[in-house]
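Here is the file target-v2.cif (mmCIF, C-alpha atoms and all ligand atoms).
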data_run
loop_
_atom_site.label_atom_id
_atom_site.label_comp_id
_atom_site.auth_asym_id
_atom_site.auth_seq_id
_atom_site.Cartn_x
_atom_site.Cartn_y
_atom_site.Cartn_z
CA ARG Z 1 12.83 -8.09 -51.47
CA ALA Z 2 13.30 -7.42 -47.79
CA LYS Z 3 13.92 -3.80 -48.69
CA ALA Z 4 10.65 -3.57 -50.59
CA GLU Z 5 8.78 -5.09 -47.67
CA GLY Z 6 10.48 -2.73 -45.28
CA ARG Z 7 9.46 0.24 -47.40
CA GLY Z 8 5.92 -1.07 -47.62
CA ARG Z 9 5.76 -1.34 -43.89
CA ALA Z 10 7.11 2.18 -43.37
CA VAL Z 11 4.37 3.58 -45.56
CA LEU Z 12 1.76 1.85 -43.40
CA PHE Z 13 3.57 2.70 -40.20
CA GLU Z 14 3.97 6.46 -40.57
CA PRO Z 15 0.32 7.41 -40.92
CA ALA Z 16 -0.40 5.20 -37.90
CA MET Z 17 2.21 7.04 -35.86
CA GLU Z 18 0.84 10.36 -37.05
CA GLU Z 19 -2.62 9.33 -35.97
CA LEU Z 20 -1.29 8.23 -32.59
CA ARG Z 21 0.33 11.62 -32.09
CA ARG Z 22 -2.84 13.40 -33.14
CA ASN Z 23 -4.89 11.29 -30.73
CA GLN Z 24 -2.44 12.04 -27.93
CA ARG Z 25 -2.75 15.79 -28.58
CA MET Z 26 -6.55 15.60 -28.63
CA LEU Z 27 -6.54 13.59 -25.46
CA GLU Z 28 -4.26 16.15 -23.79
CA ASP Z 29 -6.55 19.03 -24.74
CA ASP Z 30 -9.66 17.19 -23.58
CA LEU Z 31 -8.03 16.12 -20.37
CA ARG Z 32 -6.78 19.61 -19.62
CA SER Z 33 -10.28 21.01 -19.96
CA ALA Z 34 -11.80 18.10 -18.02
CA LEU Z 35 -9.36 18.84 -15.19
CA GLU Z 36 -10.18 22.54 -15.31
CA ARG Z 37 -13.92 21.82 -15.24
CA ASN Z 38 -13.67 19.15 -12.52
CA GLN Z 39 -15.18 16.52 -14.80
CA LEU Z 40 -13.11 13.70 -13.38
CA TYR Z 41 -14.58 11.82 -10.47
CA LEU Z 42 -13.90 8.78 -8.33
CA ALA Z 43 -15.57 5.42 -7.95
CA TYR Z 44 -14.99 3.43 -4.77
CA GLN Z 45 -14.48 -0.32 -4.77
CA PRO Z 46 -14.90 -2.15 -1.46
CA LYS Z 47 -12.10 -4.10 0.17
CA TYR Z 48 -13.67 -7.00 1.99
CA GLY Z 49 -11.98 -8.35 5.13
CA LEU Z 50 -12.20 -12.14 5.13
CA LEU Z 51 -11.74 -12.56 8.87
CA ALA Z 52 -14.08 -9.72 9.88
CA ASP Z 53 -16.47 -10.78 7.08
CA ARG Z 54 -17.29 -7.20 6.21
CA VAL Z 55 -16.20 -4.24 4.12
CA VAL Z 56 -13.08 -2.84 5.75
CA GLY Z 57 -12.12 -0.08 3.34
CA CYS Z 58 -12.03 0.80 -0.32
CA GLU Z 59 -9.95 1.79 -3.30
CA ALA Z 60 -10.57 5.05 -5.17
CA LEU Z 61 -10.60 4.56 -8.95
CA LEU Z 62 -10.54 7.48 -11.34
CA ARG Z 63 -13.39 7.96 -13.79
CA TRP Z 64 -13.74 10.26 -16.77
CA ASP Z 65 -16.89 10.36 -18.87
CA HIS Z 66 -15.77 11.96 -22.10
CA ALA Z 67 -18.44 14.08 -23.79
CA VAL Z 68 -17.90 12.35 -27.14
CA HIS Z 69 -16.06 9.10 -26.48
CA GLY Z 70 -17.95 8.03 -23.37
CA SER Z 71 -16.29 6.52 -20.32
CA MET Z 72 -12.53 6.43 -20.64
CA ASN Z 73 -10.34 3.67 -19.23
CA PRO Z 74 -7.96 5.00 -16.55
CA ALA Z 75 -5.38 2.35 -17.48
CA ARG Z 76 -5.09 4.26 -20.75
CA PHE Z 77 -5.79 7.91 -19.99
CA VAL Z 78 -3.72 8.10 -16.80
CA PRO Z 79 -0.48 7.14 -18.60
CA ALA Z 80 -1.40 9.56 -21.40
CA ALA Z 81 -1.96 12.30 -18.84
CA GLU Z 82 1.42 11.57 -17.34
CA GLU Z 83 3.10 11.72 -20.70
CA ALA Z 84 1.58 15.17 -21.11
CA GLY Z 85 3.05 16.24 -17.77
CA PHE Z 86 -0.27 16.26 -15.92
CA ALA Z 87 0.73 13.74 -13.25
CA PRO Z 88 1.17 16.23 -10.38
CA LEU Z 89 -2.05 18.09 -11.24
CA LEU Z 90 -4.01 14.87 -11.64
CA THR Z 91 -2.67 13.42 -8.40
CA ARG Z 92 -3.39 16.64 -6.49
CA ASN Z 93 -6.97 16.49 -7.80
CA VAL Z 94 -7.43 12.84 -6.86
CA LEU Z 95 -5.97 13.31 -3.38
CA GLY Z 96 -8.18 16.36 -2.89
CA MET Z 97 -11.32 14.47 -3.92
CA VAL Z 98 -10.41 11.52 -1.70
CA CYS Z 99 -9.75 13.68 1.35
CA THR Z 100 -12.99 15.56 0.82
CA GLN Z 101 -14.84 12.22 0.66
CA ILE Z 102 -13.13 10.87 3.78
CA ARG Z 103 -14.19 14.04 5.63
CA ALA Z 104 -17.77 13.66 4.39
CA TRP Z 105 -17.87 10.06 5.63
CA MET Z 106 -16.39 11.16 8.97
CA ALA Z 107 -19.19 13.70 9.28
CA GLU Z 108 -21.59 10.73 8.95
CA GLY Z 109 -19.71 8.94 11.73
CA LEU Z 110 -17.81 6.59 9.38
CA GLU Z 111 -14.07 6.07 9.38
CA ILE Z 112 -13.34 4.49 6.02
CA ARG Z 113 -9.80 3.94 4.83
CA VAL Z 114 -9.31 4.83 1.18
CA ALA Z 115 -6.50 3.55 -1.01
CA VAL Z 116 -5.26 5.85 -3.77
CA ASN Z 117 -3.21 4.82 -6.80
CA ILE Z 118 -0.10 6.86 -7.44
CA SER Z 119 2.07 6.31 -10.49
CA ALA Z 120 5.55 4.97 -9.96
CA THR Z 121 7.27 7.78 -11.83
CA LEU Z 122 5.62 10.54 -9.85
CA PHE Z 123 6.34 8.63 -6.68
CA ALA Z 124 10.03 8.13 -7.38
CA SER Z 125 10.37 11.85 -8.19
CA GLY Z 126 9.49 12.56 -4.58
CA GLN Z 127 6.68 14.92 -5.59
CA ALA Z 128 3.97 12.50 -4.53
CA VAL Z 129 4.93 12.63 -0.87
CA GLN Z 130 4.68 16.41 -0.89
CA LEU Z 131 1.24 16.19 -2.53
CA VAL Z 132 0.09 13.71 0.11
CA ARG Z 133 1.43 15.92 2.88
CA GLU Z 134 -0.41 18.95 1.46
CA ALA Z 135 -3.68 17.04 0.98
CA LEU Z 136 -3.60 15.79 4.58
CA ALA Z 137 -2.70 19.20 5.99
CA SER Z 138 -5.36 21.13 4.11
CA SER Z 139 -8.14 18.59 4.77
CA GLY Z 140 -7.28 17.54 8.31
CA VAL Z 141 -7.85 13.89 7.36
CA PRO Z 142 -6.19 11.45 9.80
CA PRO Z 143 -3.24 9.91 7.90
CA ARG Z 144 -4.26 6.39 8.94
CA LEU Z 145 -7.36 6.72 6.74
CA LEU Z 146 -5.21 7.12 3.65
CA GLN Z 147 -3.36 4.32 1.90
CA ILE Z 148 -1.15 4.71 -1.15
CA GLU Z 149 -1.04 1.96 -3.79
CA LEU Z 150 2.13 1.65 -5.86
CA THR Z 151 3.12 -0.87 -8.50
CA GLU Z 152 6.32 -2.85 -8.71
CA GLN Z 153 7.57 -0.27 -11.19
CA VAL Z 154 8.73 1.82 -8.24
CA PHE Z 155 11.60 -0.64 -8.03
CA ILE Z 156 12.79 0.29 -11.50
CA GLY Z 157 14.97 3.31 -12.02
CA ASN Z 158 15.67 4.76 -8.64
CA PRO Z 159 14.90 2.27 -5.86
CA ALA Z 160 16.78 4.40 -3.32
CA ALA Z 161 14.51 7.37 -4.02
CA ALA Z 162 11.48 5.10 -3.81
CA ARG Z 163 12.67 3.83 -0.46
CA ASP Z 164 13.07 7.39 0.87
CA ALA Z 165 9.60 8.31 -0.36
CA LEU Z 166 8.06 5.22 1.24
CA GLN Z 167 9.82 6.01 4.47
CA ALA Z 168 8.50 9.58 4.36
CA LEU Z 169 4.95 8.31 3.82
CA HIS Z 170 5.22 5.97 6.77
CA GLU Z 171 6.53 8.81 8.91
CA LEU Z 172 3.41 10.76 7.97
CA GLY Z 173 1.34 7.82 9.25
CA VAL Z 174 0.09 6.81 5.79
CA THR Z 175 0.09 3.10 4.91
CA THR Z 176 1.23 1.62 1.60
CA ALA Z 177 0.19 -1.24 -0.65
CA LEU Z 178 2.13 -2.93 -3.43
CA ASP Z 179 -0.37 -3.23 -6.31
CA ASP Z 180 -0.57 -5.92 -9.01
CA PHE Z 181 1.97 -7.99 -7.10
CA GLY Z 182 3.49 -10.82 -9.08
CA THR Z 183 3.18 -9.31 -12.55
CA GLY Z 184 6.03 -6.85 -12.64
CA TYR Z 185 9.66 -6.59 -11.87
CA SER Z 186 9.79 -7.83 -8.34
CA SER Z 187 12.91 -8.56 -6.44
CA LEU Z 188 12.28 -10.21 -3.12
CA GLY Z 189 15.28 -8.29 -1.83
CA TYR Z 190 13.49 -5.01 -2.38
CA LEU Z 191 10.44 -6.25 -0.53
CA GLN Z 192 12.56 -6.73 2.54
CA HIS Z 193 13.82 -3.14 2.46
CA LEU Z 194 10.77 -1.38 1.09
CA ALA Z 195 8.32 -2.20 3.84
CA PHE Z 196 4.78 -2.28 2.44
CA ASP Z 197 1.80 -2.72 4.72
CA VAL Z 198 -0.17 -4.61 2.10
CA LEU Z 199 0.62 -6.83 -0.88
CA LYS Z 200 -2.14 -6.94 -3.49
CA VAL Z 201 -2.01 -10.21 -5.42
CA ASP Z 202 -2.70 -9.53 -9.07
CA ARG Z 203 -5.94 -10.85 -10.45
CA THR Z 204 -4.23 -13.12 -12.98
CA PHE Z 205 -3.37 -15.47 -10.09
CA VAL Z 206 -6.87 -15.18 -8.63
CA GLN Z 207 -8.53 -15.94 -11.99
CA ASP Z 208 -6.81 -19.31 -12.21
CA LEU Z 209 -8.13 -20.36 -8.81
CA SER Z 210 -11.51 -21.25 -10.31
CA ARG Z 211 -9.87 -23.99 -12.37
CA GLY Z 212 -9.84 -26.22 -9.33
CA ASP Z 213 -7.78 -27.12 -6.35
CA GLY Z 214 -4.10 -27.86 -6.21
CA ASN Z 215 -3.13 -25.85 -9.27
CA ASN Z 216 -0.12 -23.59 -9.48
CA SER Z 217 -2.04 -20.42 -8.69
CA SER Z 218 -3.26 -21.55 -5.31
CA TRP Z 219 0.27 -22.66 -4.55
CA ILE Z 220 1.63 -19.26 -5.64
CA ILE Z 221 -0.91 -17.40 -3.51
CA GLU Z 222 -0.08 -19.62 -0.57
CA THR Z 223 3.58 -18.74 -1.02
CA ILE Z 224 2.83 -15.01 -1.32
CA LEU Z 225 0.76 -15.23 1.87
CA ARG Z 226 3.60 -16.86 3.77
CA LEU Z 227 6.08 -14.33 2.41
CA ALA Z 228 3.85 -11.33 3.18
CA HIS Z 229 2.90 -12.48 6.64
CA GLY Z 230 6.56 -13.18 7.37
CA LEU Z 231 7.30 -9.57 6.44
CA GLY Z 232 4.42 -8.35 8.59
CA ALA Z 233 2.26 -7.35 5.62
CA GLU Z 234 -1.37 -8.17 4.85
CA VAL Z 235 -2.52 -9.72 1.60
CA VAL Z 236 -5.41 -8.45 -0.51
CA ALA Z 237 -6.51 -10.59 -3.45
CA GLU Z 238 -7.54 -8.56 -6.53
CA GLY Z 239 -10.18 -9.42 -9.09
CA VAL Z 240 -12.26 -11.93 -7.11
CA GLU Z 241 -15.21 -12.76 -9.35
CA THR Z 242 -16.55 -16.13 -8.24
CA PRO Z 243 -17.63 -17.72 -4.94
CA GLU Z 244 -15.15 -20.56 -5.61
CA GLN Z 245 -12.25 -18.12 -5.77
CA LEU Z 246 -13.39 -16.50 -2.54
CA ALA Z 247 -13.68 -19.87 -0.81
CA VAL Z 248 -10.16 -20.90 -1.80
CA LEU Z 249 -8.77 -17.53 -0.66
CA ARG Z 250 -10.50 -17.92 2.70
CA ASP Z 251 -9.07 -21.42 3.11
CA LEU Z 252 -5.59 -20.17 2.29
CA GLY Z 253 -5.85 -17.49 4.99
CA CYS Z 254 -5.92 -14.44 2.73
CA ASP Z 255 -6.65 -11.26 4.70
CA ALA Z 256 -8.91 -9.38 2.33
CA ALA Z 257 -10.42 -9.54 -1.14
CA GLN Z 258 -11.49 -7.11 -3.79
CA GLY Z 259 -13.39 -7.83 -6.98
CA PHE Z 260 -16.68 -7.76 -8.82
CA LEU Z 261 -18.09 -10.54 -6.59
CA LEU Z 262 -17.65 -8.30 -3.55
CA GLY Z 263 -18.67 -5.07 -5.24
CA ARG Z 264 -17.87 -3.17 -8.38
CA PRO Z 265 -16.45 0.33 -8.22
CA MET Z 266 -19.47 2.31 -6.94
CA THR Z 267 -20.65 5.68 -5.72
CA ALA Z 268 -19.56 7.04 -2.35
CA ALA Z 269 -23.11 6.60 -1.01
CA ALA Z 270 -23.23 2.94 -2.05
CA LEU Z 271 -19.82 2.35 -0.50
CA ALA Z 272 -20.96 3.89 2.78
CA ALA Z 273 -24.01 1.60 2.80
CA ALA Z 274 -21.81 -1.45 2.19
CA PHE Z 275 -19.45 -0.33 4.96
CA ARG Z 276 -22.36 0.09 7.39
CA ALA Z 277 -23.75 -3.40 6.76
CA ALA Z 278 -23.36 -5.93 9.57
CA PRO Z 279 -20.70 -8.67 9.22
CA GLY Z 280 -21.84 -11.43 6.91
CA ASP Z 281 -24.81 -9.39 5.73
CA PRO Z 282 -25.35 -9.82 1.99
CA ALA Z 283 -26.26 -6.12 1.93
CA ALA Z 284 -22.55 -5.54 2.36
CA LEU Z 285 -22.23 -6.68 -1.23
CA PRO Z 286 -24.28 -4.23 -3.30
CA VAL Z 287 -23.00 -5.62 -6.57
CA MET Z 288 -25.94 -4.08 -8.37
CA ASP Z 289 -25.53 -0.50 -7.21
CA ALA Z 290 -22.64 0.18 -9.49
CA LEU Z 291 -21.18 2.77 -11.74
CA PRO Z 292 -20.36 1.72 -15.28
CA ARG Z 293 -17.36 -0.64 -15.39
P1 LIG Z 301 -5.62 -1.13 -10.25
O1 LIG Z 301 -5.14 -0.13 -9.26
O2 LIG Z 301 -4.98 -2.46 -10.23
O3 LIG Z 301 -7.19 -1.23 -10.03
C1 LIG Z 301 -7.92 -2.40 -10.19
C2 LIG Z 301 -8.65 -2.42 -11.51
O4 LIG Z 301 -9.29 -3.69 -11.67
C3 LIG Z 301 -9.76 -1.39 -11.64
O5 LIG Z 301 -9.86 -1.03 -13.01
C4 LIG Z 301 -10.98 -2.18 -11.21
O6 LIG Z 301 -12.19 -1.65 -11.70
C5 LIG Z 301 -10.68 -3.51 -11.84
N1 LIG Z 301 -11.34 -4.60 -11.14
C6 LIG Z 301 -11.74 -4.67 -9.86
N2 LIG Z 301 -12.31 -5.86 -9.58
C7 LIG Z 301 -12.28 -6.57 -10.72
C8 LIG Z 301 -12.73 -7.89 -11.07
O7 LIG Z 301 -13.29 -8.64 -10.27
N3 LIG Z 301 -12.51 -8.28 -12.36
C9 LIG Z 301 -11.92 -7.48 -13.28
N4 LIG Z 301 -11.76 -7.94 -14.51
N5 LIG Z 301 -11.48 -6.22 -12.98
C10 LIG Z 301 -11.66 -5.79 -11.72
P2 LIG Z 301 -9.95 0.50 -13.45
O8 LIG Z 301 -10.80 1.28 -12.51
O9 LIG Z 301 -10.28 0.50 -14.89
O10 LIG Z 301 -8.47 1.03 -13.24
C11 LIG Z 301 -7.41 0.50 -14.00
C12 LIG Z 301 -6.08 1.00 -13.51
O11 LIG Z 301 -5.96 2.41 -13.70
C13 LIG Z 301 -5.86 0.78 -12.01
O12 LIG Z 301 -5.46 -0.54 -11.77
C14 LIG Z 301 -4.78 1.80 -11.74
O13 LIG Z 301 -3.52 1.29 -12.10
C15 LIG Z 301 -5.13 2.93 -12.70
N6 LIG Z 301 -5.84 3.99 -11.95
C16 LIG Z 301 -7.13 4.09 -11.61
N7 LIG Z 301 -7.36 5.23 -10.91
C17 LIG Z 301 -6.17 5.86 -10.80
C18 LIG Z 301 -5.73 7.08 -10.18
O14 LIG Z 301 -6.50 7.82 -9.53
N8 LIG Z 301 -4.40 7.40 -10.30
C19 LIG Z 301 -3.51 6.58 -10.96
N9 LIG Z 301 -2.23 6.96 -11.03
N10 LIG Z 301 -3.89 5.44 -11.54
C20 LIG Z 301 -5.20 5.08 -11.47
MG MG Z 302 -4.81 -0.17 -7.31
MG MG Z 303 -4.30 -3.61 -8.79
MG MG Z 304 -4.46 -5.03 -11.37
#

Output the structure of this file as structure tokens.
Amino acid sequence: RAKAEGRGRAVLFEPAMEELRRNQRMLEDDLRSALERNQLYLAYQPKYGLLADRVVGCEALLRWDHAVHGSMNPARFVPAAEEAGFAPLLTRNVLGMVCTQIRAWMAEGLEIRVAVNISATLFASGQAVQLVREALASSGVPPRLLQIELTEQVFIGNPAAARDALQALHELGVTTALDDFGTGYSSLGYLQHLAFDVLKVDRTFVQDLSRGDGNNSSWIIETILRLAHGLGAEVVAEGVETPEQLAVLRDLGCDAAQGFLLGRPMTAAALAAAFRAAPGDPAALPVMDALPR
């Protein structure tokens, strides 16, 4: 009986796998041509400093509006692109677009720090540092205006290589942030050796803050804050969506916040306007002037 069930499942399973492979190939072709035609672009989400009470920087988030399928989710197409071996090309493109944007803002008299996501695998291979070096050299962007966001996955595989790469970035004058902190494989021991400038608390912890005071999430964030500050790092809370969450984060002494409440990923022009707004000015929060998603 088990055998019959197993066979039945295999019959259902194989066409599904075949379809997956076909989708992956189609995605690769589309992505290759999108890259060639410069159809990928960036949205910028503000990082809001809680002490300064103003926008202090932003994160660049990749966008791809597919001709047929509409806007694609980077959490899905970026890994697919990497599987297809596009990671270096994609990262070079993103770094190039970011440096061009930073230069454009500088020409308007604005110094806006931009955080860029780089995948853990590319980072550990050491290629990412070279790409960052090249992007800085060819654009003339001051390294302090660039921040690299990495996930806890950099700890997996080759932590020694990750440490060397981090060190090399810091020597360039580029800062680093540990993204989605608290969700992945995190060893506190690594944190001590892999000095990050910023820890970004994952939004799952922030979401739970709205359920009231004294819950486990606020306690966890408090602990992360103490840990980070002890290591000389700042803490950015991700995914802040409600005024209650923001209030709790302020009370806890969180350094900065990011989330739909403070601004969705938006155009470069909208980000510049938010950055220009005076401290405490609601105009610093142009939640409405947003790109899709
Ligand atoms: P991430 O780096 O953790 O980026 C934060 C994600 O959360 C973004 O999704 C952002 O739009 C979303 N977000 C921001 N505030 C809120 C909020 O208040 N509520 C909710 N529910 N979501 C919020 P997005 O843009 O879809 O990007 C997803 C992931 O794709 C990113 O997660 C990052 O890991 C990856 N990604 C995006 N751009 C790039 C890129 O240029 N290179 C690489 N390697 N990965 C990228
Ligand atoms: Mg990020
Ligand atoms: Mg994140
Ligand atoms: Mg996240």

I'd like the contact shell of Phe196 (chain Z) - 8 Å cut-off, only C-alpha atoms, skipping same-chain residues fewer than 6 positions apart - returned as a PDB file with C-alpha atoms, in the frame of the given file.
ATOM      1  CA  THR Z 175       0.090   3.100   4.910  1.00  0.00           C
ATOM      2  CA  THR Z 176       1.230   1.620   1.600  1.00  0.00           C
ATOM      3  CA  ALA Z 177       0.190  -1.240  -0.650  1.00  0.00           C
ATOM      4  CA  LEU Z 178       2.130  -2.930  -3.430  1.00  0.00           C
ATOM      5  CA  ALA Z 233       2.260  -7.350   5.620  1.00  0.00           C
TER       6      ALA Z 233
END

Around ligand MG 304 (chain Z), at most 8 Å away and counting all atoms listed in the file, which residues are there? Put them as a VMD selection string, please. chain Z and resid 179 to 180 202 to 203 238 to 239

Of the residues Z:Ala104, Z:Leu209, Z:Ala270, Z:Glu171, which is the one nearest to Arg144 (chain Z), using all atoms listed in the file?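 So, comparing all the options, the nearest one is Z:Glu171.
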
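Neighbouring residues of region 249-261 of chain Z at 7 Å or closer, counting all atoms listed in the file and skipping chain neighbours under 2 positions away, are Pro46, Lys47, Tyr48, Gly49, Leu50, Leu51, Glu222, Leu225, Glu234, Val235, Val236, Ala237, Glu238, Gly239, Val240, Glu241, Thr242, Gln245, Leu246, Ala247, Gly263, Arg264 and Val287 of chain Z.
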
Tell me, in Å to one decimal, how far CA of Cys58 (chain Z) is from CA of Ala268 (chain Z). 10.0 Å

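If you look at CA of Leu61 (chain Z) and CA of Arg226 (chain Z), they are 28.7 Å away from each other.
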
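Across the model, the gap from CA of Gly173 (chain Z) to atom O5 of ligand LIG 301 (chain Z) is 26.4 Å.
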
Contacts of region 77-100 of chain Z with region 113-135 of chain Z up to 9 Å, shortest pair per row, all atoms listed in the file, as CSV:
residue,atom,partner,partner_atom,distance
Z:Val78,CA,Z:Ser119,CA,8.7
Z:Pro79,CA,Z:Ser119,CA,8.5
Z:Glu82,CA,Z:Leu122,CA,8.6
Z:Ala87,CA,Z:Leu122,CA,6.8
Z:Pro88,CA,Z:Leu122,CA,7.2
Z:Thr91,CA,Z:Ile118,CA,7.1
Z:Arg92,CA,Z:Leu131,CA,6.1
Z:Val94,CA,Z:Val116,CA,7.9
Z:Leu95,CA,Z:Ala135,CA,6.2
Z:Gly96,CA,Z:Ala135,CA,6.0
Z:Val98,CA,Z:Val114,CA,7.4
Z:Cys99,CA,Z:Ala135,CA,6.9

Selected residue of minimal separation from ligand MG 303 (chain Z) among Z:Lys200, Z:Arg276, Z:Arg25, Z:Arg37, counting all atoms listed in the file: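 Smallest distance to ligand MG 303 (chain Z) is found for Z:Lys200.
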
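The shortest atom-to-atom distance to ligand MG 303 (chain Z), with only C-alpha atoms and all ligand atoms taken into account, belongs to Z:Gly184 out of Z:Gly184, Z:Gly189, Z:Pro243, Z:Gly280.
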
Distance query Ala272 (chain Z) at most 12 Å, all atoms listed in the file, self and fewer than 2 positions along chain excluded, as a PyMOL selection string: chain Z and resi 44-46+55-58+101-102+104-114+266-270+274-277+283-286+289

Nearest to Ser217 (chain Z): which of Z:Val201, Z:Met17, Z:Leu231, Z:Leu62 is it, counting only C-alpha atoms?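 Of Z:Val201, Z:Met17, Z:Leu231, Z:Leu62, the one nearest Ser217 (chain Z) is Z:Val201, counting only C-alpha atoms.
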
Can you save region 103-110 of chain Z of the given block to a file, including all heavy atoms and formatted as a short mmCIF file (atom, residue, chain, number, x, y, z; two decimals), in the first residue's frame?
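Produced file decode16.cif, reproduced below:
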data_model
loop_
_atom_site.label_atom_id
_atom_site.label_comp_id
_atom_site.auth_asym_id
_atom_site.auth_seq_id
_atom_site.Cartn_x
_atom_site.Cartn_y
_atom_site.Cartn_z
N ARG Z 103 25.74 59.95 -6.47
CA ARG Z 103 26.37 61.11 -7.14
C ARG Z 103 25.33 62.15 -7.52
O ARG Z 103 25.56 63.36 -7.40
CB ARG Z 103 27.15 60.66 -8.39
CG ARG Z 103 28.42 59.90 -8.11
CD ARG Z 103 29.42 60.75 -7.35
NE ARG Z 103 29.74 61.98 -8.04
CZ ARG Z 103 30.93 62.30 -8.50
NH1 ARG Z 103 31.95 61.48 -8.33
NH2 ARG Z 103 31.14 63.45 -9.09
N ALA Z 104 24.19 61.71 -8.01
CA ALA Z 104 23.12 62.65 -8.40
C ALA Z 104 22.64 63.42 -7.18
O ALA Z 104 22.42 64.64 -7.24
CB ALA Z 104 21.97 61.89 -9.06
N TRP Z 105 22.46 62.73 -6.05
CA TRP Z 105 22.05 63.43 -4.83
C TRP Z 105 23.14 64.41 -4.37
O TRP Z 105 22.84 65.51 -3.92
CB TRP Z 105 21.74 62.42 -3.72
CG TRP Z 105 20.37 61.79 -3.84
CD1 TRP Z 105 19.23 62.37 -4.35
CD2 TRP Z 105 19.98 60.47 -3.44
NE1 TRP Z 105 18.17 61.50 -4.29
CE2 TRP Z 105 18.60 60.33 -3.73
CE3 TRP Z 105 20.66 59.41 -2.86
CZ2 TRP Z 105 17.89 59.14 -3.45
CZ3 TRP Z 105 19.96 58.23 -2.57
CH2 TRP Z 105 18.59 58.11 -2.87
N MET Z 106 24.39 64.00 -4.49
CA MET Z 106 25.49 64.89 -4.10
C MET Z 106 25.46 66.16 -4.95
O MET Z 106 25.71 67.27 -4.44
CB MET Z 106 26.84 64.18 -4.24
CG MET Z 106 27.09 63.15 -3.15
SD MET Z 106 28.61 62.20 -3.43
CE MET Z 106 29.84 63.41 -2.95
N ALA Z 107 25.14 66.02 -6.22
CA ALA Z 107 25.07 67.17 -7.10
C ALA Z 107 23.95 68.13 -6.67
O ALA Z 107 23.99 69.32 -6.97
CB ALA Z 107 24.85 66.72 -8.55
N GLU Z 108 22.95 67.58 -5.94
CA GLU Z 108 21.88 68.43 -5.39
C GLU Z 108 22.24 68.92 -3.99
O GLU Z 108 21.39 69.50 -3.30
CB GLU Z 108 20.57 67.63 -5.25
CG GLU Z 108 19.93 67.19 -6.53
CD GLU Z 108 18.68 66.32 -6.25
OE1 GLU Z 108 17.87 66.69 -5.37
OE2 GLU Z 108 18.54 65.28 -6.90
N GLY Z 109 23.44 68.62 -3.54
CA GLY Z 109 23.87 69.06 -2.21
C GLY Z 109 23.45 68.11 -1.09
O GLY Z 109 23.48 68.49 0.08
N LEU Z 110 23.06 66.88 -1.43
CA LEU Z 110 22.61 65.92 -0.41
C LEU Z 110 23.60 64.78 -0.25
O LEU Z 110 24.04 64.20 -1.24
CB LEU Z 110 21.24 65.34 -0.80
CG LEU Z 110 20.10 66.33 -1.01
CD1 LEU Z 110 18.86 65.60 -1.54
CD2 LEU Z 110 19.78 67.07 0.28
#
